[in-house]
$ cat final02.cif   # mmCIF, C-alpha atoms (C1' of nucleotides)
data_final
loop_
_atom_site.group_PDB
_atom_site.id
_atom_site.type_symbol
_atom_site.label_atom_id
_atom_site.label_comp_id
_atom_site.auth_asym_id
_atom_site.auth_seq_id
_atom_site.Cartn_x
_atom_site.Cartn_y
_atom_site.Cartn_z
ATOM 1 C CA MET P 1 25.365 -28.100 -25.109
ATOM 2 C CA PRO P 2 23.288 -29.758 -22.433
ATOM 3 C CA VAL P 3 20.617 -32.212 -23.159
ATOM 4 C CA ASP P 4 17.334 -31.276 -21.662
ATOM 5 C CA LEU P 5 16.263 -34.266 -19.706
ATOM 6 C CA GLN P 6 13.023 -34.766 -17.879
ATOM 7 C CA MET P 7 13.607 -34.520 -14.167
ATOM 8 C CA VAL P 8 10.270 -35.919 -13.125
ATOM 9 C CA PRO P 9 10.501 -39.163 -11.213
ATOM 10 C CA LYS P 10 9.335 -42.047 -13.280
ATOM 11 C CA GLN P 11 6.185 -43.870 -12.409
ATOM 12 C CA LYS P 12 3.928 -46.379 -14.007
ATOM 13 C CA ARG P 13 5.007 -46.876 -17.551
ATOM 14 C CA PRO P 14 2.888 -48.613 -20.152
ATOM 15 C CA VAL P 15 4.089 -52.103 -20.850
ATOM 16 C CA GLY P 16 6.014 -52.629 -24.018
ATOM 17 C CA GLN P 17 7.301 -49.088 -23.998
ATOM 18 C CA PRO P 18 10.904 -48.690 -22.980
ATOM 19 C CA CYS P 19 12.226 -46.210 -20.475
ATOM 20 C CA CYS P 20 12.339 -42.986 -22.385
ATOM 21 C CA ASP P 21 12.070 -41.359 -25.740
ATOM 22 C CA PRO P 22 15.274 -41.384 -27.688
ATOM 23 C CA VAL P 23 17.250 -38.306 -26.863
ATOM 24 C CA VAL P 24 19.191 -36.727 -29.633
ATOM 25 C CA TYR P 25 22.650 -35.953 -28.463
ATOM 26 C CA PRO P 26 24.204 -32.874 -30.009
ATOM 27 C CA ASP P 27 27.724 -33.787 -30.972
ATOM 28 C CA THR P 28 28.825 -30.221 -30.541
ATOM 29 C CA GLU P 29 29.790 -31.318 -27.085
ATOM 30 C CA ARG P 30 31.366 -34.498 -28.346
ATOM 31 C CA ALA P 31 34.593 -33.076 -29.693
ATOM 32 C CA GLU P 32 34.890 -30.799 -26.694
ATOM 33 C CA ALA P 33 34.456 -33.732 -24.341
ATOM 34 C CA GLU P 34 37.127 -35.667 -26.182
ATOM 35 C CA ARG P 35 39.593 -32.817 -25.953
ATOM 36 C CA MET P 36 39.001 -32.282 -22.259
ATOM 37 C CA ALA P 37 39.026 -35.996 -21.523
ATOM 38 C CA SER P 38 42.384 -36.381 -23.210
ATOM 39 C CA VAL P 39 43.810 -33.616 -21.038
ATOM 40 C CA ALA P 40 42.261 -35.117 -17.919
ATOM 41 C CA LYS P 41 43.591 -38.508 -18.876
ATOM 42 C CA ALA P 42 47.097 -37.126 -19.165
ATOM 43 C CA LEU P 43 46.722 -35.659 -15.690
ATOM 44 C CA GLY P 44 45.350 -38.941 -14.414
ATOM 45 C CA ASP P 45 48.666 -40.214 -13.123
ATOM 46 C CA PRO P 46 50.275 -38.977 -9.910
ATOM 47 C CA ILE P 47 53.705 -38.624 -11.449
ATOM 48 C CA ARG P 48 52.425 -36.657 -14.419
ATOM 49 C CA LEU P 49 50.348 -34.451 -12.198
ATOM 50 C CA GLN P 50 53.359 -33.687 -10.032
ATOM 51 C CA LEU P 51 55.465 -33.056 -13.102
ATOM 52 C CA VAL P 52 52.972 -30.449 -14.221
ATOM 53 C CA ASP P 53 52.886 -29.074 -10.712
ATOM 54 C CA VAL P 54 56.640 -28.582 -10.574
ATOM 55 C CA LEU P 55 56.812 -27.193 -14.095
ATOM 56 C CA ARG P 56 54.037 -24.770 -13.350
ATOM 57 C CA LYS P 57 55.453 -23.511 -10.120
ATOM 58 C CA HIS P 58 58.803 -22.923 -11.721
ATOM 59 C CA ALA P 59 57.321 -21.129 -14.636
ATOM 60 C CA GLY P 60 60.718 -20.986 -16.240
ATOM 61 C CA LYS P 61 62.216 -24.173 -17.392
ATOM 62 C CA VAL P 62 63.485 -27.193 -15.604
ATOM 63 C CA CYS P 63 65.728 -29.796 -17.106
ATOM 64 C CA VAL P 64 64.799 -33.441 -16.986
ATOM 65 C CA CYS P 65 67.741 -34.427 -14.826
ATOM 66 C CA GLU P 66 66.281 -32.278 -12.117
ATOM 67 C CA LEU P 67 62.886 -33.866 -12.437
ATOM 68 C CA THR P 68 63.963 -37.468 -12.442
ATOM 69 C CA PRO P 69 65.181 -37.728 -8.834
ATOM 70 C CA LEU P 70 61.840 -36.453 -7.594
ATOM 71 C CA PHE P 71 60.181 -39.745 -8.329
ATOM 72 C CA ASP P 72 60.652 -43.385 -7.537
ATOM 73 C CA VAL P 73 60.841 -44.432 -11.155
ATOM 74 C CA GLY P 74 63.673 -44.592 -13.621
ATOM 75 C CA GLN P 75 64.693 -41.944 -16.106
ATOM 76 C CA PRO P 76 63.072 -43.674 -19.086
ATOM 77 C CA THR P 77 59.782 -43.715 -17.253
ATOM 78 C CA VAL P 78 59.977 -40.010 -16.497
ATOM 79 C CA SER P 79 60.800 -39.439 -20.135
ATOM 80 C CA HIS P 80 57.785 -41.479 -21.087
ATOM 81 C CA HIS P 81 55.477 -39.478 -18.838
ATOM 82 C CA LEU P 82 56.821 -36.245 -20.269
ATOM 83 C CA LYS P 83 56.080 -37.561 -23.718
ATOM 84 C CA VAL P 84 52.509 -38.314 -22.731
ATOM 85 C CA LEU P 85 52.135 -34.781 -21.407
ATOM 86 C CA ARG P 86 53.678 -33.364 -24.565
ATOM 87 C CA GLN P 87 51.352 -35.363 -26.783
ATOM 88 C CA ALA P 88 48.406 -34.084 -24.784
ATOM 89 C CA GLY P 89 49.603 -30.562 -25.485
ATOM 90 C CA ILE P 90 50.112 -29.817 -21.824
ATOM 91 C CA VAL P 91 53.857 -29.271 -21.938
ATOM 92 C CA ASP P 92 56.466 -28.546 -24.515
ATOM 93 C CA SER P 93 60.226 -28.725 -24.418
ATOM 94 C CA GLU P 94 63.257 -26.975 -25.658
ATOM 95 C CA ARG P 95 66.758 -28.324 -25.895
ATOM 96 C CA ARG P 96 69.784 -26.357 -24.806
ATOM 97 C CA GLY P 97 72.954 -28.269 -25.247
ATOM 98 C CA LEU P 98 72.668 -31.519 -23.411
ATOM 99 C CA TRP P 99 69.666 -30.491 -21.426
ATOM 100 C CA ALA P 100 66.000 -30.537 -22.204
ATOM 101 C CA TYR P 101 63.833 -27.898 -20.588
ATOM 102 C CA TYR P 102 60.165 -28.588 -20.235
ATOM 103 C CA TYR P 103 57.494 -26.035 -19.579
ATOM 104 C CA VAL P 104 53.727 -25.960 -19.307
ATOM 105 C CA VAL P 105 51.867 -24.627 -22.303
ATOM 106 C CA PRO P 106 49.810 -21.809 -20.771
ATOM 107 C CA GLU P 107 46.537 -22.342 -22.614
ATOM 108 C CA ALA P 108 46.635 -26.115 -22.443
ATOM 109 C CA LEU P 109 44.571 -26.458 -19.296
ATOM 110 C CA GLU P 110 42.172 -23.622 -19.938
ATOM 111 C CA GLU P 111 39.285 -25.514 -21.459
ATOM 112 C CA LEU P 112 39.204 -28.171 -18.768
ATOM 113 C CA THR P 113 39.642 -25.590 -16.041
ATOM 114 C CA ALA P 114 36.770 -23.542 -17.391
ATOM 115 C CA TRP P 115 34.561 -26.588 -17.564
ATOM 116 C CA LEU P 116 35.297 -27.484 -13.978
ATOM 117 C CA ASN P 117 34.330 -24.026 -12.773
ATOM 118 C CA MET A 118 54.498 -28.100 -1.550
ATOM 119 C CA PRO A 119 56.747 -27.080 -4.360
ATOM 120 C CA VAL A 120 60.280 -28.177 -4.671
ATOM 121 C CA ASP A 121 62.670 -25.339 -5.035
ATOM 122 C CA LEU A 122 64.672 -26.129 -8.070
ATOM 123 C CA GLN A 123 67.567 -24.219 -9.455
ATOM 124 C CA MET A 124 66.542 -22.422 -12.578
ATOM 125 C CA VAL A 125 70.016 -21.548 -13.744
ATOM 126 C CA PRO A 126 70.950 -23.089 -17.047
ATOM 127 C CA LYS A 127 73.473 -25.839 -16.623
ATOM 128 C CA GLN A 128 76.968 -25.437 -17.864
ATOM 129 C CA LYS A 129 80.233 -27.268 -17.581
ATOM 130 C CA ARG A 130 79.898 -29.860 -14.938
ATOM 131 C CA PRO A 131 82.790 -31.684 -13.318
ATOM 132 C CA VAL A 132 83.239 -35.166 -14.639
ATOM 133 C CA GLY A 133 82.062 -37.940 -12.416
ATOM 134 C CA GLN A 134 79.462 -35.743 -10.833
ATOM 135 C CA PRO A 135 75.920 -36.414 -11.941
ATOM 136 C CA CYS A 136 73.404 -33.818 -12.969
ATOM 137 C CA CYS A 137 72.233 -32.373 -9.722
ATOM 138 C CA ASP A 138 72.221 -32.793 -6.024
ATOM 139 C CA PRO A 139 69.562 -35.115 -4.790
ATOM 140 C CA VAL A 140 66.385 -33.210 -4.238
ATOM 141 C CA VAL A 141 64.261 -34.225 -1.323
ATOM 142 C CA TYR A 142 60.708 -34.532 -2.345
ATOM 143 C CA PRO A 143 58.227 -33.688 0.363
ATOM 144 C CA ASP A 144 55.588 -36.349 0.283
ATOM 145 C CA THR A 145 53.052 -33.953 1.607
ATOM 146 C CA GLU A 146 52.216 -33.422 -2.029
ATOM 147 C CA ARG A 147 52.253 -37.115 -2.768
ATOM 148 C CA ALA A 148 48.897 -38.059 -1.285
ATOM 149 C CA GLU A 149 47.335 -34.927 -2.697
ATOM 150 C CA ALA A 150 48.648 -35.752 -6.145
ATOM 151 C CA GLU A 151 47.257 -39.243 -5.908
ATOM 152 C CA ARG A 152 43.834 -38.005 -4.941
ATOM 153 C CA MET A 153 43.715 -35.450 -7.729
ATOM 154 C CA ALA A 154 45.132 -37.881 -10.263
ATOM 155 C CA SER A 155 42.461 -40.421 -9.443
ATOM 156 C CA VAL A 156 39.788 -37.801 -10.034
ATOM 157 C CA ALA A 157 41.431 -36.696 -13.269
ATOM 158 C CA LYS A 158 41.750 -40.279 -14.360
ATOM 159 C CA ALA A 159 38.047 -40.847 -13.831
ATOM 160 C CA LEU A 160 37.347 -37.790 -15.969
ATOM 161 C CA GLY A 161 39.774 -39.010 -18.589
ATOM 162 C CA ASP A 162 37.165 -40.686 -20.729
ATOM 163 C CA PRO A 163 34.804 -38.787 -23.015
ATOM 164 C CA ILE A 164 31.771 -40.754 -21.923
ATOM 165 C CA ARG A 165 32.464 -40.253 -18.249
ATOM 166 C CA LEU A 166 33.156 -36.586 -18.771
ATOM 167 C CA GLN A 167 29.851 -36.168 -20.571
ATOM 168 C CA LEU A 168 28.067 -38.131 -17.876
ATOM 169 C CA VAL A 169 29.374 -35.707 -15.293
ATOM 170 C CA ASP A 170 28.448 -32.845 -17.561
ATOM 171 C CA VAL A 171 24.850 -33.972 -17.873
ATOM 172 C CA LEU A 172 24.551 -34.787 -14.194
ATOM 173 C CA ARG A 173 25.949 -31.434 -13.242
ATOM 174 C CA LYS A 174 23.731 -29.431 -15.527
ATOM 175 C CA HIS A 175 20.690 -31.223 -14.255
ATOM 176 C CA ALA A 176 21.605 -30.721 -10.680
ATOM 177 C CA GLY A 177 18.714 -32.886 -9.585
ATOM 178 C CA LYS A 178 18.842 -36.513 -10.429
ATOM 179 C CA VAL A 179 18.743 -38.397 -13.667
ATOM 180 C CA CYS A 180 17.975 -42.055 -13.996
ATOM 181 C CA VAL A 181 20.334 -44.349 -15.833
ATOM 182 C CA CYS A 182 17.804 -45.240 -18.504
ATOM 183 C CA GLU A 183 17.893 -41.614 -19.570
ATOM 184 C CA LEU A 184 21.653 -41.537 -19.709
ATOM 185 C CA THR A 185 22.169 -44.689 -21.691
ATOM 186 C CA PRO A 186 20.696 -43.559 -25.025
ATOM 187 C CA LEU A 187 23.027 -40.556 -25.035
ATOM 188 C CA PHE A 188 25.996 -42.719 -25.905
ATOM 189 C CA ASP A 189 26.942 -45.243 -28.497
ATOM 190 C CA VAL A 190 27.631 -47.940 -25.964
ATOM 191 C CA GLY A 191 25.440 -50.479 -24.274
ATOM 192 C CA GLN A 192 23.756 -50.209 -20.911
ATOM 193 C CA PRO A 193 26.312 -52.378 -19.085
ATOM 194 C CA THR A 194 29.078 -50.107 -20.302
ATOM 195 C CA VAL A 195 27.296 -46.999 -19.074
ATOM 196 C CA SER A 196 26.767 -48.764 -15.783
ATOM 197 C CA HIS A 197 30.461 -49.536 -15.680
ATOM 198 C CA HIS A 198 31.431 -45.916 -16.286
ATOM 199 C CA LEU A 199 29.077 -44.768 -13.579
ATOM 200 C CA LYS A 200 30.704 -47.218 -11.237
ATOM 201 C CA VAL A 201 34.127 -45.788 -12.048
ATOM 202 C CA LEU A 202 32.827 -42.305 -11.308
ATOM 203 C CA ARG A 203 31.254 -43.500 -8.086
ATOM 204 C CA GLN A 204 34.456 -45.167 -6.944
ATOM 205 C CA ALA A 205 36.320 -41.939 -7.639
ATOM 206 C CA GLY A 206 33.853 -40.180 -5.390
ATOM 207 C CA ILE A 207 32.623 -37.951 -8.183
ATOM 208 C CA VAL A 208 29.054 -39.152 -8.255
ATOM 209 C CA ASP A 209 26.711 -41.009 -6.011
ATOM 210 C CA SER A 210 23.396 -42.674 -6.617
ATOM 211 C CA GLU A 211 20.092 -43.283 -5.029
ATOM 212 C CA ARG A 212 17.533 -45.864 -5.954
ATOM 213 C CA ARG A 213 13.853 -45.085 -6.210
ATOM 214 C CA GLY A 214 11.844 -48.057 -7.156
ATOM 215 C CA LEU A 215 13.191 -49.453 -10.385
ATOM 216 C CA TRP A 216 15.278 -46.436 -11.192
ATOM 217 C CA ALA A 217 18.685 -45.319 -10.113
ATOM 218 C CA TYR A 218 19.325 -41.612 -9.875
ATOM 219 C CA TYR A 219 22.874 -40.387 -10.099
ATOM 220 C CA TYR A 220 24.129 -37.033 -9.015
ATOM 221 C CA VAL A 221 27.458 -35.263 -8.764
ATOM 222 C CA VAL A 222 28.964 -35.012 -5.306
ATOM 223 C CA PRO A 223 29.465 -31.270 -4.922
ATOM 224 C CA GLU A 224 32.854 -31.234 -3.240
ATOM 225 C CA ALA A 225 34.316 -34.039 -5.323
ATOM 226 C CA LEU A 226 35.929 -31.821 -7.927
ATOM 227 C CA GLU A 227 36.999 -29.029 -5.640
ATOM 228 C CA GLU A 228 40.571 -30.044 -4.975
ATOM 229 C CA LEU A 229 41.417 -30.627 -8.609
ATOM 230 C CA THR A 230 39.629 -27.459 -9.651
ATOM 231 C CA ALA A 231 41.523 -25.430 -7.106
ATOM 232 C CA TRP A 232 44.814 -26.892 -8.241
ATOM 233 C CA LEU A 233 44.081 -26.036 -11.846
ATOM 234 C CA ASN A 234 43.378 -22.428 -10.974
ATOM 235 C "C1'" DA H 235 89.436 -39.965 -30.503
ATOM 236 C "C1'" DT H 236 87.508 -41.530 -26.451
ATOM 237 C "C1'" DA H 237 84.850 -41.127 -22.508
ATOM 238 C "C1'" DT H 238 81.069 -39.075 -20.228
ATOM 239 C "C1'" DT H 239 76.632 -37.019 -19.598
ATOM 240 C "C1'" DA H 240 71.565 -36.058 -20.739
ATOM 241 C "C1'" DC H 241 67.764 -37.667 -22.708
ATOM 242 C "C1'" DA H 242 64.956 -40.450 -25.934
ATOM 243 C "C1'" DT H 243 63.587 -44.797 -27.806
ATOM 244 C "C1'" DT H 244 62.815 -49.683 -28.090
ATOM 245 C "C1'" DG H 245 60.916 -53.988 -26.731
ATOM 246 C "C1'" DA H 246 59.096 -56.727 -23.210
ATOM 247 C "C1'" DC H 247 56.143 -57.735 -19.269
ATOM 248 C "C1'" DG H 248 52.148 -57.876 -16.216
ATOM 249 C "C1'" DA H 249 48.269 -55.035 -14.903
ATOM 250 C "C1'" DA H 250 44.501 -52.291 -15.878
ATOM 251 C "C1'" DT H 251 40.934 -50.545 -19.115
ATOM 252 C "C1'" DG H 252 36.823 -50.308 -22.210
ATOM 253 C "C1'" DA H 253 33.745 -52.813 -24.641
ATOM 254 C "C1'" DC H 254 30.450 -56.571 -25.334
ATOM 255 C "C1'" DG H 255 26.926 -60.427 -24.595
ATOM 256 C "C1'" DA H 256 24.734 -63.018 -21.215
ATOM 257 C "C1'" DT H 257 22.986 -63.331 -16.864
ATOM 258 C "C1'" DT H 258 21.200 -61.950 -12.464
ATOM 259 C "C1'" DG H 259 18.458 -59.376 -9.106
ATOM 260 C "C1'" DA H 260 15.115 -56.376 -7.563
ATOM 261 C "C1'" DA H 261 10.857 -53.789 -8.214
ATOM 262 C "C1'" DT H 262 6.605 -53.232 -10.865
ATOM 263 C "C1'" DT H 263 2.732 -54.550 -13.564
ATOM 264 C "C1'" DG H 264 -0.941 -57.529 -15.244
ATOM 265 C "C1'" DC J 265 1.471 -66.171 -9.956
ATOM 266 C "C1'" DA J 266 4.129 -64.710 -14.486
ATOM 267 C "C1'" DA J 267 5.886 -61.148 -17.387
ATOM 268 C "C1'" DT J 268 8.269 -56.877 -17.772
ATOM 269 C "C1'" DT J 269 11.544 -53.256 -16.848
ATOM 270 C "C1'" DC J 270 15.778 -51.027 -14.913
ATOM 271 C "C1'" DA J 271 20.202 -51.645 -13.541
ATOM 272 C "C1'" DA J 272 24.179 -54.175 -11.854
ATOM 273 C "C1'" DT J 273 27.349 -57.920 -12.324
ATOM 274 C "C1'" DC J 274 29.884 -61.621 -14.524
ATOM 275 C "C1'" DG J 275 33.055 -63.559 -18.105
ATOM 276 C "C1'" DT J 276 35.623 -62.673 -21.872
ATOM 277 C "C1'" DC J 277 38.351 -60.270 -25.203
ATOM 278 C "C1'" DA J 278 41.459 -56.861 -27.372
ATOM 279 C "C1'" DT J 279 43.748 -52.813 -26.283
ATOM 280 C "C1'" DT J 280 46.183 -49.615 -23.566
ATOM 281 C "C1'" DC J 281 49.095 -48.413 -19.611
ATOM 282 C "C1'" DG J 282 53.116 -48.063 -16.429
ATOM 283 C "C1'" DT J 283 57.427 -49.786 -15.689
ATOM 284 C "C1'" DC J 284 61.885 -51.653 -16.608
ATOM 285 C "C1'" DA J 285 66.497 -52.991 -18.778
ATOM 286 C "C1'" DA J 286 68.928 -52.204 -22.667
ATOM 287 C "C1'" DT J 287 70.200 -49.427 -26.302
ATOM 288 C "C1'" DG J 288 70.588 -45.258 -29.239
ATOM 289 C "C1'" DT J 289 71.806 -40.418 -30.049
ATOM 290 C "C1'" DA J 290 73.600 -36.083 -29.516
ATOM 291 C "C1'" DA J 291 76.457 -32.851 -27.075
ATOM 292 C "C1'" DT J 292 80.315 -32.044 -24.096
ATOM 293 C "C1'" DA J 293 84.788 -32.837 -21.870
ATOM 294 C "C1'" DT J 294 89.491 -34.802 -21.584
#

$ encode --input "final02.cif" --output "structure tokens"
Amino acid sequence: MPVDLQMVPKQKRPVGQPCCDPVVYPDTERAEAERMASVAKALGDPIRLQLVDVLRKHAGKVCVCELTPLFDVGQPTVSHHLKVLRQAGIVDSERRGLWAYYYVVPEALEELTAWLN
Amino acid sequence: MPVDLQMVPKQKRPVGQPCCDPVVYPDTERAEAERMASVAKALGDPIRLQLVDVLRKHAGKVCVCELTPLFDVGQPTVSHHLKVLRQAGIVDSERRGLWAYYYVVPEALEELTAWLN
DNA sequence: ATATTACATTGACGAATGACGATTGAATTG
DNA sequence: CAATTCAATCGTCATTCGTCAATGTAATAT
């Protein structure tokens, strides 16, 4: 949870005494910050963000060969970005025959979304 | 805006004909995706996310010397992360005497937040 | 069996990132 | 003045990232 910092503007400070008292940082927030940062990081690329956008709007499932032509990068690169999103827990996939269908994991964005609000 | 993709599962496809018809991607979304991705990218580091968290919760202004001891990195590194956040438009700063006070730019996270909801 | 299609993986590359120590600059204090 | 403090910047380094060409793998079609 939040650290309670002094808001008062600093003024004359005795010499030899550094800026402020050491503030203990509760690491309860630490793990949470790492989870949310990893999700944000995965969204921190225009192609990945648009991939999520398309997959979200078509809540069903879209195969990769439909996603690839949407971007100016090759198929392996799209596959790579999908892997990054999968490893971040944002999407998952299911194979049907030759095709791979990706979809957004519903609860994946909840924590970050809640934090932003 | 969203691309309207066919949701129907693929079946037998004539030989010599690739996966799907070329889909025109409206680049209206492109610039928006780049803006949101750059914000997400800036939030994609635990330290930066916690910096924003602290600055948001203490809506006023916090000097850098109070932020530094919260993390296990040196002062130049905190300064670097603040610069990244500033360049992403997420925070801004104001100097008062020796101290620099950072604060979150209110509308900076709006677009990404809205997209996530 | 052979060819074709969809997708993933590998390895390579230049570019960007996160961290540090050292230094600099500006404002304050003695 | 000189010394001190806060914060930014500069180099440097190791790591990670985004992309590609090439290849691998599995399923399908002829």

$ closest_residue --input "final02.cif" --among "A:His197, A:Glu183, A:Leu202, A:Val171" --to "DC270 of chain J" --atoms "all atoms listed in the file"
A:Glu183

$ atom_distance --input "final02.cif" --atom1 "atom CA of Glu34 of chain P" --atom2 "atom CA of Leu116 of chain P"
14.8 Å

$ closest_atom_pairs --input "final02.cif" --of "segment 139-227 of chain A" --to "segment 239-258 of chain H" --cutoff "10 Å" --atoms "all atoms listed in the file" --output "tab-separated table"
residue	atom	partner	partner_atom	distance
A:Asp162	CA	H:DG252	C1'	9.7
A:Val190	CA	H:DA253	C1'	7.9
A:Gly191	CA	H:DC254	C1'	8.0
A:Pro193	CA	H:DC254	C1'	8.6
A:Thr194	CA	H:DA253	C1'	6.9
A:His197	CA	H:DG252	C1'	9.1
A:His198	CA	H:DG252	C1'	9.1

$ write_last_selection --input "final02.cif" --atoms "C-alpha atoms" --output "short mmCIF file (atom, residue, chain, number, x, y, z; two decimals), in the coordinates of the input"
data_model
loop_
_atom_site.label_atom_id
_atom_site.label_comp_id
_atom_site.auth_asym_id
_atom_site.auth_seq_id
_atom_site.Cartn_x
_atom_site.Cartn_y
_atom_site.Cartn_z
CA ASP A 162 37.16 -40.69 -20.73
CA VAL A 190 27.63 -47.94 -25.96
CA GLY A 191 25.44 -50.48 -24.27
CA PRO A 193 26.31 -52.38 -19.08
CA THR A 194 29.08 -50.11 -20.30
CA HIS A 197 30.46 -49.54 -15.68
CA HIS A 198 31.43 -45.92 -16.29
#

$ resolve_selection --input "final02.cif" --expression "the PyMOL selection byres ((chain P and resi 90) around 6)" --output "list of chain:residue names"
P:Leu85, P:Arg86, P:Ala88, P:Gly89, P:Val91, P:Val104, P:Val105, P:Ala108

$ resolve_selection --input "final02.cif" --expression "the PyMOL selection byres ((chain A) within 8 of (chain J))" --output "list in words"
Val132, Val181, Cys182, Pro193, Ser196, Leu215, Trp216 and Ala217 of chain A

$ atom_distance --input "final02.cif" --atom1 "atom CA of Val78 of chain P" --atom2 "atom CA of Ser93 of chain P"
13.8 Å

$ decode --input "final02.cif" --residues "segment 252-263 of chain H" --atoms "N, CA and C atoms (P, O5', C5', C4', C3', O3' and C1' of nucleotides)" --output "mmCIF file, in the first residue's frame"
data_model
loop_
_atom_site.group_PDB
_atom_site.id
_atom_site.type_symbol
_atom_site.label_atom_id
_atom_site.label_comp_id
_atom_site.auth_asym_id
_atom_site.auth_seq_id
_atom_site.Cartn_x
_atom_site.Cartn_y
_atom_site.Cartn_z
ATOM 1 P P DG H 252 13.794 0.110 -19.413
ATOM 2 O "O5'" DG H 252 14.943 -0.367 -18.424
ATOM 3 C "C5'" DG H 252 15.087 -1.745 -18.154
ATOM 4 C "C4'" DG H 252 16.258 -1.940 -17.201
ATOM 5 C "C3'" DG H 252 16.284 -0.977 -16.019
ATOM 6 O "O3'" DG H 252 16.683 -1.701 -14.855
ATOM 7 C "C1'" DG H 252 18.288 -0.773 -17.257
ATOM 8 P P DA H 253 16.594 -1.025 -13.444
ATOM 9 O "O5'" DA H 253 18.120 -0.780 -13.070
ATOM 10 C "C5'" DA H 253 18.937 -1.901 -12.771
ATOM 11 C "C4'" DA H 253 20.395 -1.564 -12.934
ATOM 12 C "C3'" DA H 253 20.898 -0.420 -12.061
ATOM 13 O "O3'" DA H 253 21.365 -0.917 -10.824
ATOM 14 C "C1'" DA H 253 21.844 -0.399 -14.277
ATOM 15 P P DC H 254 21.806 0.115 -9.692
ATOM 16 O "O5'" DC H 254 23.295 0.498 -10.103
ATOM 17 C "C5'" DC H 254 24.277 -0.533 -10.249
ATOM 18 C "C4'" DC H 254 25.533 0.068 -10.845
ATOM 19 C "C3'" DC H 254 26.066 1.246 -10.044
ATOM 20 O "O3'" DC H 254 27.158 0.822 -9.251
ATOM 21 C "C1'" DC H 254 26.058 1.680 -12.437
ATOM 22 P P DG H 255 27.661 1.854 -8.119
ATOM 23 O "O5'" DG H 255 28.763 2.696 -8.915
ATOM 24 C "C5'" DG H 255 29.833 2.002 -9.589
ATOM 25 C "C4'" DG H 255 30.712 3.012 -10.301
ATOM 26 C "C3'" DG H 255 31.205 4.155 -9.403
ATOM 27 O "O3'" DG H 255 32.559 4.451 -9.738
ATOM 28 C "C1'" DG H 255 29.942 5.033 -11.216
ATOM 29 P P DA H 256 33.288 5.609 -8.939
ATOM 30 O "O5'" DA H 256 33.209 6.843 -9.942
ATOM 31 C "C5'" DA H 256 33.566 6.643 -11.309
ATOM 32 C "C4'" DA H 256 33.420 7.945 -12.072
ATOM 33 C "C3'" DA H 256 33.850 9.195 -11.288
ATOM 34 O "O3'" DA H 256 34.682 10.008 -12.096
ATOM 35 C "C1'" DA H 256 31.619 9.435 -12.084
ATOM 36 P P DT H 257 35.245 11.382 -11.545
ATOM 37 O "O5'" DT H 257 34.306 12.467 -12.237
ATOM 38 C "C5'" DT H 257 33.936 12.290 -13.606
ATOM 39 C "C4'" DT H 257 32.824 13.255 -13.968
ATOM 40 C "C3'" DT H 257 33.033 14.686 -13.460
ATOM 41 O "O3'" DT H 257 33.183 15.553 -14.579
ATOM 42 C "C1'" DT H 257 30.788 13.938 -13.138
ATOM 43 P P DT H 258 33.454 17.094 -14.350
ATOM 44 O "O5'" DT H 258 32.038 17.779 -14.542
ATOM 45 C "C5'" DT H 258 31.192 17.358 -15.630
ATOM 46 C "C4'" DT H 258 29.822 17.989 -15.456
ATOM 47 C "C3'" DT H 258 29.865 19.459 -15.036
ATOM 48 O "O3'" DT H 258 29.174 20.234 -16.002
ATOM 49 C "C1'" DT H 258 28.358 18.211 -13.681
ATOM 50 P P DG H 259 29.190 21.814 -15.930
ATOM 51 O "O5'" DG H 259 27.799 22.181 -15.251
ATOM 52 C "C5'" DG H 259 26.609 21.545 -15.700
ATOM 53 C "C4'" DG H 259 25.420 22.048 -14.893
ATOM 54 C "C3'" DG H 259 25.580 23.483 -14.392
ATOM 55 O "O3'" DG H 259 24.327 24.136 -14.486
ATOM 56 C "C1'" DG H 259 25.274 22.037 -12.553
ATOM 57 P P DA H 260 24.239 25.709 -14.383
ATOM 58 O "O5'" DA H 260 23.069 25.899 -13.331
ATOM 59 C "C5'" DA H 260 21.984 24.974 -13.305
ATOM 60 C "C4'" DA H 260 21.382 24.933 -11.909
ATOM 61 C "C3'" DA H 260 21.357 26.300 -11.214
ATOM 62 O "O3'" DA H 260 20.091 26.480 -10.605
ATOM 63 C "C1'" DA H 260 22.448 24.730 -9.847
ATOM 64 P P DA H 261 19.650 27.906 -10.084
ATOM 65 O "O5'" DA H 261 19.498 27.656 -8.521
ATOM 66 C "C5'" DA H 261 18.621 26.625 -8.079
ATOM 67 C "C4'" DA H 261 18.867 26.370 -6.616
ATOM 68 C "C3'" DA H 261 18.883 27.627 -5.743
ATOM 69 O "O3'" DA H 261 17.991 27.426 -4.652
ATOM 70 C "C1'" DA H 261 20.833 26.326 -5.364
ATOM 71 P P DT H 262 17.838 28.457 -3.517
ATOM 72 O "O5'" DT H 262 18.808 27.859 -2.415
ATOM 73 C "C5'" DT H 262 18.647 26.479 -2.048
ATOM 74 C "C4'" DT H 262 19.516 26.166 -0.832
ATOM 75 C "C3'" DT H 262 19.530 27.244 0.240
ATOM 76 O "O3'" DT H 262 19.334 26.624 1.504
ATOM 77 C "C1'" DT H 262 21.752 26.704 -0.422
ATOM 78 P P DT H 263 19.231 27.502 2.818
ATOM 79 O "O5'" DT H 263 20.654 27.226 3.475
ATOM 80 C "C5'" DT H 263 21.097 25.879 3.614
ATOM 81 C "C4'" DT H 263 22.511 25.854 4.179
ATOM 82 C "C3'" DT H 263 22.757 26.793 5.355
ATOM 83 O "O3'" DT H 263 23.411 26.084 6.386
ATOM 84 C "C1'" DT H 263 24.392 27.140 3.684
#
